[in-house]
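Student: Let me give you the structure first, and then I'll get to my questions.
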Amino acid sequence: MTGVNMTSMTPARKGDLTSEERVMLQVAAAGNAEITEMILDAGAETDLVNSVGRTAAQMAAFVGQHDCVTVINNFFSRARLEYYTRPQGSEIEPKLPPKLVGPLHKIIMTTNLNPVKMVMLVKEDPLLVDVVALEKCYRVMDLLCEQCVKQQDMNEVLAMKMHYISCVLQKCLAFLQERDDNLDALLKSLLKGRDGDGFPQYQEKFIRDCIRKFPYCEATLLQQLVRSIAPVEIGNDPTAFSVLTQALTGQMVLMDTEYCATCGEKGADKKCSFCKMVVYCGLTCQRLHWFTHKRQCKTPVPQRGNCQPKPRELSSNVDDNDVVNAASSMLALCLGLSKCALQNGPSDDQSETSEASEDPPCAGKN
């Protein structure tokens with residue numbers, strides 16, 4: 001799989017480091033991603049090098065602090081977004097209302113490129129769940145994509161990310177227009193698994209389509225992505241999501257790392273308590289995923305012995321008919337029947353049945 005590190009797209013710049021930049025080099029090397037982001041917000045440059053000629057991202061990568069590398073590679077100054085909140089030239093209104101800067105910047109800064117996660121970020125903010133707001137946001141994303149390609153130091157990685165976010169926002173807009181202001185249908189489309197293995201085909205096709213629509217065909221990054229994804233049959237590894245994640249964030253989608261089955265968040269630790277085969281980052285994601293997971297959710301073979309229902313204890317004053325009825329009910333349950341006819345018992349009695357619960361089994365930590 002071919003990956004692209006954003007730091008390789010921008011040449012390192014030598015110069016006098018500010019105190020913030022010196023601290024960032026130290027913090028990045030130490031692995032504190034949160035403080036690294038705070039220093040970047042304060043205006044520290046990412047392309048300055050230290051005495052051994054390494055940038056902050058290179059220092060963090062050298063010592064294995066990949067979370068810091070991801071933060072640095074995906075940093076986007078809020079000020080660059082605020083530029084579009086002011087009318088330019090003969091414009092009467094700005095391209096982006098100031099109230100949308102915060103929600104849009106949050107989406108831009110996310111390192112989780114799973115489309116489900118991005119749609120959830122849109123859905124949870126009332127300012128974004130609006131046709132006009134989404135249209136303004138995706139148009140600004142398109143402008144930023146063009147700017148990243150045409151600037152002196154072309155940044156293909158950031159351009160691709162802006163384009164990808166624009167595609168997600170446009171899909172949200174389309175569903176809002178067609179489904180009466182409801183993004184639940186979009187989330188279910190992205191999560192719905194195919195029969196047999198539960199692989200989310202729609203999600204895979206959507207990500208591939210986003211990459212295919214990148215408007216700058218001569219971009220090296222686009223060609224690398226296409227070469228990595230095109231030969232792979234849908235449902236096999238590597239997925240389009242894993243290839244795109246590595247290219248845009250520098251993160252490898254590791255096999256020994258747990259990812260939420262719904263939103264793709266790293267570090268999920270709550271397994272489905274029934275099948276133990278999928279993990280979630282929380283109850284919200286488990287409930288959202290249950291409509292499709294319940295078709296594959298089965299008790300693991302080694303644990304079947306622990307899941308058998310205990311027989312009800314009979315009292316000492318039970319007559320023979322009660323014993324026969326109880327035995328017949330157990331037989332009906334095992335055979336999946338709704339009622340059981342008894343040869344020597346009352347023929348009009350029916351065993352009560354209850355529908356399977358629509359609520360998922362509680363997810364618990366490993």
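How things are named: the first chain in the structure tokens is A, the next is B, and so on; residues count from 1 in each chain; ligands count from 1 in the order shown.
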Write out as a count of residues only which residues come within 10 Å of Leu100 in chain A when counting only C-alpha atoms, dropping same-chain ones fewer than 6 positions away.

Tutor: 10

Student: Find the residues around range 185-198 of chain A up to 10 Å (only C-alpha atoms counted), leave out those fewer than 2 positions away in its own chain, and share them as a ChimeraX atom specification.

Tutor: /A:114-117,119-120,123,171-172,174-176,179,182-183,200-206,235,261-263,288-296

Student: Enter the distance from CA of Gly43 in chain A to CA of Val101 in chain A, in Å, rounded to one decimal.

Tutor: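 Separation between CA of Gly43 in chain A and CA of Val101 in chain A: 17.9 Å.
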
Student: Among range 62-255 of chain A, which residues does DSSP mark as alpha helix (DSSP H) when it is run on the backbone? Keep the chain and numbering as in the structure and answer as a ChimeraX atom specification.

Tutor: /A:62,66-73,78-82,101-109,115-123,131-150,156-178,184-191,201-212,220-229,240-249

Student: Pick out the closest residue to Arg139 in chain A from this set: A:Cys210, A:Ala363, A:Ala33, A:Leu173. Count only C-alpha atoms.

Tutor: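 Of A:Cys210, A:Ala363, A:Ala33, A:Leu173, the one nearest Arg139 in chain A is A:Leu173, counting only C-alpha atoms.
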
Student: Write out as a list in words which residues come within 12 Å of Cys217 in chain A when counting only C-alpha atoms, dropping same-chain ones fewer than 6 positions away.

Tutor: Val149, Glu156, Met160, Ile211, Gln223, Gln224, Leu225 and Val226 of chain A

Student: Near Glu265 in chain A, counting only C-alpha atoms, which residues have an atom at most 8 Å away, once you skip same-chain residues fewer than 4 positions from it, shown as a count of residues only?

Tutor: 5

Student: Select, from A:Ile229, A:Val122, A:Ile207, A:Leu248, the residue with the minimum atom-to-atom distance to Lys161 in chain A, counting only C-alpha atoms.

Tutor: A:Leu248
